[in-house]
file my_file-v3.cif (mmCIF, C-alpha atoms)
data_final
loop_
_atom_site.label_atom_id
_atom_site.label_comp_id
_atom_site.auth_asym_id
_atom_site.auth_seq_id
_atom_site.Cartn_x
_atom_site.Cartn_y
_atom_site.Cartn_z
CA MET F 1 151.85 204.52 241.45
CA LEU F 2 149.45 207.10 240.08
CA ALA F 3 148.78 210.00 242.44
CA ALA F 4 145.26 210.44 241.07
CA PRO F 5 144.20 207.28 239.20
CA ILE F 6 141.49 207.35 236.55
CA VAL F 7 138.46 205.68 238.13
CA GLU F 8 135.51 204.27 236.23
CA MET F 9 132.64 203.92 238.69
CA LEU F 10 129.52 201.89 238.03
CA ILE F 11 126.55 201.64 240.39
CA PRO F 12 124.51 198.74 238.98
CA SER F 13 122.08 198.74 241.92
CA VAL F 14 120.59 201.97 240.51
CA VAL F 15 118.97 199.90 237.76
CA ASP F 16 118.72 196.56 239.62
CA ASP F 17 117.51 197.02 243.19
CA THR F 18 117.96 193.31 243.94
CA LEU F 19 121.74 193.80 244.19
CA ALA F 20 121.63 195.58 247.55
CA PRO F 21 119.23 196.07 250.48
CA ARG F 22 116.69 198.91 250.17
CA GLY F 23 118.44 202.28 250.50
CA ARG F 24 121.88 200.77 249.86
CA HIS F 25 123.96 200.42 246.71
CA VAL F 26 126.72 198.36 245.17
CA ALA F 27 129.50 200.20 243.36
CA SER F 28 132.26 198.91 241.14
CA LEU F 29 135.42 201.01 240.85
CA PHE F 30 137.62 200.09 237.90
CA CYS F 31 141.15 201.38 237.35
CA GLN F 32 143.34 200.00 234.58
CA HIS F 33 146.43 202.19 234.70
CA PHE F 34 148.43 200.51 237.44
CA ASP F 35 151.72 198.72 236.81
CA PRO F 36 151.08 194.97 236.84
CA GLU F 37 154.73 194.36 237.77
CA ALA F 38 154.56 196.49 240.94
CA ASP F 39 154.95 195.04 244.43
CA TRP F 40 151.23 194.65 245.06
CA ALA F 41 151.66 193.20 248.53
CA ALA F 42 153.04 196.60 249.58
CA LEU F 43 151.19 198.93 247.18
CA LYS F 44 147.64 197.59 247.31
CA PRO F 45 146.58 199.53 250.45
CA VAL F 46 148.06 202.74 249.01
CA ALA F 47 146.32 202.20 245.67
CA ILE F 48 142.98 201.63 247.40
CA GLU F 49 143.34 204.88 249.35
CA ARG F 50 144.23 206.83 246.21
CA ILE F 51 141.24 205.40 244.37
CA PHE F 52 138.95 206.26 247.28
CA ASP F 53 140.48 209.78 247.38
CA VAL F 54 139.46 210.33 243.75
CA VAL F 55 135.91 209.12 244.34
CA GLN F 56 135.66 211.12 247.58
CA THR F 57 136.39 214.36 245.67
CA HIS F 58 133.27 213.76 243.55
CA CYS F 59 131.12 211.97 246.16
CA PRO F 60 131.95 213.62 249.53
CA ASN F 61 130.08 211.02 251.59
CA PHE F 62 131.70 208.04 249.86
CA ARG F 63 134.06 206.85 252.60
CA ALA F 64 131.47 207.35 255.35
CA SER F 65 128.98 205.28 253.32
CA LEU F 66 131.20 202.24 252.86
CA LEU F 67 129.98 199.09 254.57
CA GLY F 68 132.75 196.99 253.07
CA TYR F 69 134.75 196.44 249.92
CA ARG F 70 136.85 193.93 248.04
CA ALA F 71 139.80 195.19 246.03
CA LEU F 72 141.62 193.19 243.37
CA SER F 73 145.09 194.26 242.28
CA PRO F 74 146.62 193.15 238.98
CA ARG F 75 148.43 190.45 240.98
CA ASP F 76 145.11 189.27 242.49
CA LEU F 77 143.50 189.10 239.06
CA GLU F 78 146.36 186.97 237.78
CA ASP F 79 146.45 184.69 240.83
CA GLU F 80 142.69 184.21 241.18
CA PHE F 81 141.51 184.26 237.57
CA GLY F 82 144.60 183.53 235.47
CA LEU F 83 144.54 186.98 233.85
CA ILE F 84 148.20 187.51 232.93
CA GLY F 85 149.37 190.83 234.35
CA GLY F 86 145.83 191.41 235.61
CA ASP F 87 144.76 192.20 232.05
CA ILE F 88 140.99 191.71 231.91
CA PHE F 89 140.99 192.37 228.15
CA HIS F 90 143.21 189.38 227.26
CA GLY F 91 145.69 191.56 225.42
CA GLN F 92 145.93 195.29 225.56
CA LEU F 93 143.78 197.23 223.14
CA SER F 94 146.79 199.03 221.72
CA LEU F 95 147.63 199.60 218.04
CA ASP F 96 149.53 196.30 217.83
CA GLN F 97 146.47 194.44 219.15
CA LEU F 98 143.72 195.74 216.88
CA PHE F 99 142.03 194.55 213.70
CA SER F 100 144.24 192.14 211.72
CA MET F 101 146.82 192.02 214.50
CA ARG F 102 144.54 190.55 217.19
CA PRO F 103 145.42 188.11 218.63
CA VAL F 104 148.67 188.18 216.57
CA MET F 105 149.60 189.02 213.01
CA GLY F 106 148.68 186.19 210.66
CA TYR F 107 145.86 184.80 212.81
CA ALA F 108 143.08 187.30 212.37
CA ARG F 109 139.70 186.39 210.89
CA TYR F 110 139.10 184.23 213.99
CA ARG F 111 141.18 181.29 212.76
CA GLY F 112 144.08 179.71 214.62
CA PRO F 113 147.10 177.81 213.32
CA LEU F 114 145.18 174.50 213.35
CA LYS F 115 142.42 173.77 210.87
CA SER F 116 138.99 174.21 212.47
CA LEU F 117 140.44 176.07 215.48
CA TYR F 118 138.67 179.41 215.87
CA HIS F 119 139.29 182.38 218.18
CA CYS F 120 136.07 183.53 219.80
CA GLY F 121 136.98 185.21 223.11
CA SER F 122 138.28 188.56 224.29
CA GLY F 123 141.67 187.82 222.70
CA ALA F 124 140.09 188.11 219.23
CA HIS F 125 139.04 191.30 217.44
CA PRO F 126 137.23 193.49 218.48
CA GLY F 127 138.40 192.14 221.83
CA GLY F 128 138.31 193.33 225.35
CA GLY F 129 135.58 192.83 227.90
CA VAL F 130 132.61 190.54 227.61
CA THR F 131 130.70 191.80 224.59
CA GLY F 132 130.03 188.60 222.70
CA ALA F 133 131.23 190.33 219.51
CA PRO F 134 134.28 188.07 218.97
CA GLY F 135 132.07 184.98 219.42
CA HIS F 136 129.49 186.33 217.01
CA ASN F 137 132.17 187.13 214.45
CA ALA F 138 133.83 183.72 214.88
CA ALA F 139 130.44 182.02 214.40
CA GLN F 140 130.01 183.91 211.12
CA GLU F 141 133.42 182.65 209.94
CA ILE F 142 132.56 179.08 211.00
CA LEU F 143 129.29 179.24 209.07
CA ARG F 144 131.14 180.63 206.05
CA ASP F 145 133.64 177.75 206.23
CA LEU F 146 130.85 175.16 206.49
CA ARG F 147 129.14 176.38 203.31
#

call {"tool": "encode", "arguments": {"input": "my_file-v3.cif", "output": "structure tokens"}}
result
Amino acid sequence: MLAAPIVEMLIPSVVDDTLAPRGRHVASLFCQHFDPEADWAALKPVAIERIFDVVQTHCPNFRASLLGYRALSPRDLEDEFGLIGGDIFHGQLSLDQLFSMRPVMGYARYRGPLKSLYHCGSGAHPGGGVTGAPGHNAAQEILRDLR
């Protein structure tokens, strides 16, 4: 368990005031450096407190401002959304998962092992998140194949 986790904080209600009542905000706290194999039934409350501690050091009124929250551990992400190991990027963006090695060596260029099967989601290069880039790139390959 990280003593001081790296926290990415987004406050989308700053640009979209329909997400929260007037004078209130919605915040998303994202941390991706927790062990997916940990005992999350026991560690989840501790992890939440450590995350809140980090935010509290930068936003001193954070805890007092909370009206509620929902926290998802790597285990929750796997159980609720089928994200293996809680990996929202469908394969770590490490050196062995980039460029011609994403999703695996030999199946880059958005093509799978079956003819006319194309990779177009986060598991394909450039991968990770919901950017639409893998779908765009796969569409370009499909169009090239149709010509």

call {"tool": "atom_distance", "arguments": {"input": "my_file-v3.cif", "atom1": "atom CA of Val15 of chain F", "atom2": "atom CA of Cys31 of chain F"}}
result
22.2 Å

call {"tool": "residues_near_point", "arguments": {"input": "my_file-v3.cif", "point": "(140.0, 207.1, 249.2)", "cutoff": "12 Å", "atoms": "all atoms listed in the file", "output": "PyMOL selection string"}}
result
chain F and resi 3-5+7+29+45-66+69

call {"tool": "resolve_selection", "arguments": {"input": "my_file-v3.cif", "expression": "the PyMOL selection byres ((chain F and resi 129-134) around 10)", "output": "list in words"}}
result
Ile88, Phe89, His90, Arg109, Tyr110, His119, Cys120, Gly121, Ser122, Gly123, Ala124, His125, Pro126, Gly127, Gly128, Gly135, His136, Asn137, Ala138, Ala139 and Gln140 of chain F

call {"tool": "atom_distance", "arguments": {"input": "my_file-v3.cif", "atom1": "atom CA of Leu43 of chain F", "atom2": "atom CA of Glu80 of chain F"}}
result
18.0 Å

call {"tool": "atom_distance", "arguments": {"input": "my_file-v3.cif", "atom1": "atom CA of Pro113 of chain F", "atom2": "atom CA of Met101 of chain F"}}
result
14.3 Å

call {"tool": "axis_aligned_box", "arguments": {"input": "my_file-v3.cif", "around": "segment 42-60 of chain F", "padding_each_side": "3 Å", "output": "lines of an AutoDock Vina configuration file"}}
result
center_x = 142.1
center_y = 205.5
center_z = 247.0
size_x = 27.9
size_y = 23.8
size_z = 12.9

call {"tool": "residues_around", "arguments": {"input": "my_file-v3.cif", "residues": "Asp35 of chain F", "least_positions_apart": "3", "cutoff": "10 Å", "atoms": "all atoms listed in the file", "output": "JSON, numbers by chain"}}
result
{"F": [1, 2, 32, 38, 39, 40, 73, 74, 75, 85, 86]}

call {"tool": "closest_residue", "arguments": {"input": "my_file-v3.cif", "among": "F:Leu67, F:Ala20, F:Ile142, F:Ala27", "to": "Arg111 of chain F", "atoms": "all atoms listed in the file"}}
result
F:Ile142

call {"tool": "decode", "arguments": {"input": "my_file-v3.cif", "residues": "segment 5-94 of chain F", "atoms": "C-alpha atoms", "output": "PDB file, in the first residue's frame"}}
result
ATOM      1  CA  PRO F   5      -0.487   7.647  -3.557  1.00  0.00           C
ATOM      2  CA  ILE F   6      -0.293   9.690  -6.738  1.00  0.00           C
ATOM      3  CA  VAL F   7      -3.745  11.225  -7.185  1.00  0.00           C
ATOM      4  CA  GLU F   8      -5.101  12.641 -10.423  1.00  0.00           C
ATOM      5  CA  MET F   9      -8.027  14.886  -9.540  1.00  0.00           C
ATOM      6  CA  LEU F  10     -10.561  16.137 -12.059  1.00  0.00           C
ATOM      7  CA  ILE F  11     -13.411  18.519 -11.252  1.00  0.00           C
ATOM      8  CA  PRO F  12     -15.640  18.352 -14.349  1.00  0.00           C
ATOM      9  CA  SER F  13     -18.377  20.482 -12.771  1.00  0.00           C
ATOM     10  CA  VAL F  14     -16.072  23.504 -13.183  1.00  0.00           C
ATOM     11  CA  VAL F  15     -16.791  23.404 -16.922  1.00  0.00           C
ATOM     12  CA  ASP F  16     -20.239  21.736 -16.800  1.00  0.00           C
ATOM     13  CA  ASP F  17     -22.427  23.199 -14.062  1.00  0.00           C
ATOM     14  CA  THR F  18     -25.193  20.677 -14.766  1.00  0.00           C
ATOM     15  CA  LEU F  19     -23.199  17.952 -12.985  1.00  0.00           C
ATOM     16  CA  ALA F  20     -23.829  19.310  -9.482  1.00  0.00           C
ATOM     17  CA  PRO F  21     -26.205  21.707  -7.702  1.00  0.00           C
ATOM     18  CA  ARG F  22     -25.269  25.415  -7.737  1.00  0.00           C
ATOM     19  CA  GLY F  23     -22.277  26.033  -5.461  1.00  0.00           C
ATOM     20  CA  ARG F  24     -21.352  22.331  -5.359  1.00  0.00           C
ATOM     21  CA  HIS F  25     -18.903  20.263  -7.385  1.00  0.00           C
ATOM     22  CA  VAL F  26     -18.201  16.732  -8.508  1.00  0.00           C
ATOM     23  CA  ALA F  27     -14.625  15.488  -8.267  1.00  0.00           C
ATOM     24  CA  SER F  28     -13.015  12.364  -9.652  1.00  0.00           C
ATOM     25  CA  LEU F  29      -9.904  11.066  -7.894  1.00  0.00           C
ATOM     26  CA  PHE F  30      -7.905   8.571  -9.949  1.00  0.00           C
ATOM     27  CA  CYS F  31      -5.036   6.473  -8.602  1.00  0.00           C
ATOM     28  CA  GLN F  32      -3.466   3.724 -10.691  1.00  0.00           C
ATOM     29  CA  HIS F  33      -0.544   2.550  -8.574  1.00  0.00           C
ATOM     30  CA  PHE F  34      -2.244   0.118  -6.226  1.00  0.00           C
ATOM     31  CA  ASP F  35      -1.585  -3.622  -6.283  1.00  0.00           C
ATOM     32  CA  PRO F  36      -4.516  -5.332  -8.010  1.00  0.00           C
ATOM     33  CA  GLU F  37      -3.713  -8.568  -6.142  1.00  0.00           C
ATOM     34  CA  ALA F  38      -4.024  -6.970  -2.681  1.00  0.00           C
ATOM     35  CA  ASP F  39      -6.734  -7.929  -0.196  1.00  0.00           C
ATOM     36  CA  TRP F  40      -9.110  -5.133  -1.180  1.00  0.00           C
ATOM     37  CA  ALA F  41     -11.791  -6.129   1.304  1.00  0.00           C
ATOM     38  CA  ALA F  42      -9.339  -5.153   4.054  1.00  0.00           C
ATOM     39  CA  LEU F  43      -7.299  -2.435   2.309  1.00  0.00           C
ATOM     40  CA  LYS F  44      -9.983  -0.374   0.587  1.00  0.00           C
ATOM     41  CA  PRO F  45     -10.835   1.825   3.621  1.00  0.00           C
ATOM     42  CA  VAL F  46      -7.115   2.453   4.247  1.00  0.00           C
ATOM     43  CA  ALA F  47      -6.513   3.325   0.595  1.00  0.00           C
ATOM     44  CA  ILE F  48      -9.428   5.767   0.600  1.00  0.00           C
ATOM     45  CA  GLU F  49      -8.051   7.532   3.678  1.00  0.00           C
ATOM     46  CA  ARG F  50      -4.575   7.784   2.156  1.00  0.00           C
ATOM     47  CA  ILE F  51      -5.993   9.219  -1.059  1.00  0.00           C
ATOM     48  CA  PHE F  52      -8.055  11.741   0.908  1.00  0.00           C
ATOM     49  CA  ASP F  53      -4.933  12.616   2.966  1.00  0.00           C
ATOM     50  CA  VAL F  54      -3.071  13.535  -0.231  1.00  0.00           C
ATOM     51  CA  VAL F  55      -5.920  15.702  -1.512  1.00  0.00           C
ATOM     52  CA  GLN F  56      -6.393  17.291   1.927  1.00  0.00           C
ATOM     53  CA  THR F  57      -2.761  18.511   1.893  1.00  0.00           C
ATOM     54  CA  HIS F  58      -3.512  20.528  -1.264  1.00  0.00           C
ATOM     55  CA  CYS F  59      -7.181  21.347  -0.572  1.00  0.00           C
ATOM     56  CA  PRO F  60      -7.461  21.866   3.218  1.00  0.00           C
ATOM     57  CA  ASN F  61     -11.273  21.948   3.221  1.00  0.00           C
ATOM     58  CA  PHE F  62     -11.641  18.779   1.151  1.00  0.00           C
ATOM     59  CA  ARG F  63     -12.830  16.344   3.834  1.00  0.00           C
ATOM     60  CA  ALA F  64     -15.190  18.890   5.398  1.00  0.00           C
ATOM     61  CA  SER F  65     -16.715  19.534   1.955  1.00  0.00           C
ATOM     62  CA  LEU F  66     -17.531  15.918   1.139  1.00  0.00           C
ATOM     63  CA  LEU F  67     -21.224  15.133   0.863  1.00  0.00           C
ATOM     64  CA  GLY F  68     -20.565  11.567  -0.241  1.00  0.00           C
ATOM     65  CA  TYR F  69     -18.303   9.441  -2.374  1.00  0.00           C
ATOM     66  CA  ARG F  70     -18.036   6.151  -4.201  1.00  0.00           C
ATOM     67  CA  ALA F  71     -14.678   4.411  -4.311  1.00  0.00           C
ATOM     68  CA  LEU F  72     -13.762   1.594  -6.688  1.00  0.00           C
ATOM     69  CA  SER F  73     -10.787  -0.613  -5.911  1.00  0.00           C
ATOM     70  CA  PRO F  74      -9.050  -2.703  -8.571  1.00  0.00           C
ATOM     71  CA  ARG F  75     -11.157  -5.636  -7.324  1.00  0.00           C
ATOM     72  CA  ASP F  76     -14.364  -3.587  -7.735  1.00  0.00           C
ATOM     73  CA  LEU F  77     -13.385  -2.606 -11.271  1.00  0.00           C
ATOM     74  CA  GLU F  78     -12.827  -6.246 -12.162  1.00  0.00           C
ATOM     75  CA  ASP F  79     -16.017  -7.482 -10.493  1.00  0.00           C
ATOM     76  CA  GLU F  80     -18.323  -4.728 -11.769  1.00  0.00           C
ATOM     77  CA  PHE F  81     -16.892  -3.976 -15.203  1.00  0.00           C
ATOM     78  CA  GLY F  82     -14.803  -7.020 -16.138  1.00  0.00           C
ATOM     79  CA  LEU F  83     -11.555  -5.023 -16.127  1.00  0.00           C
ATOM     80  CA  ILE F  84      -8.964  -7.698 -15.350  1.00  0.00           C
ATOM     81  CA  GLY F  85      -6.867  -6.574 -12.390  1.00  0.00           C
ATOM     82  CA  GLY F  86      -8.815  -3.314 -12.383  1.00  0.00           C
ATOM     83  CA  ASP F  87      -6.847  -2.208 -15.443  1.00  0.00           C
ATOM     84  CA  ILE F  88      -8.902   0.513 -17.137  1.00  0.00           C
ATOM     85  CA  PHE F  89      -6.416   0.676 -20.018  1.00  0.00           C
ATOM     86  CA  HIS F  90      -6.962  -2.935 -21.175  1.00  0.00           C
ATOM     87  CA  GLY F  91      -3.275  -3.742 -20.936  1.00  0.00           C
ATOM     88  CA  GLN F  92      -0.638  -1.708 -19.220  1.00  0.00           C
ATOM     89  CA  LEU F  93       0.993   1.020 -21.253  1.00  0.00           C
ATOM     90  CA  SER F  94       4.444  -0.410 -20.621  1.00  0.00           C
TER      91      SER F  94
END
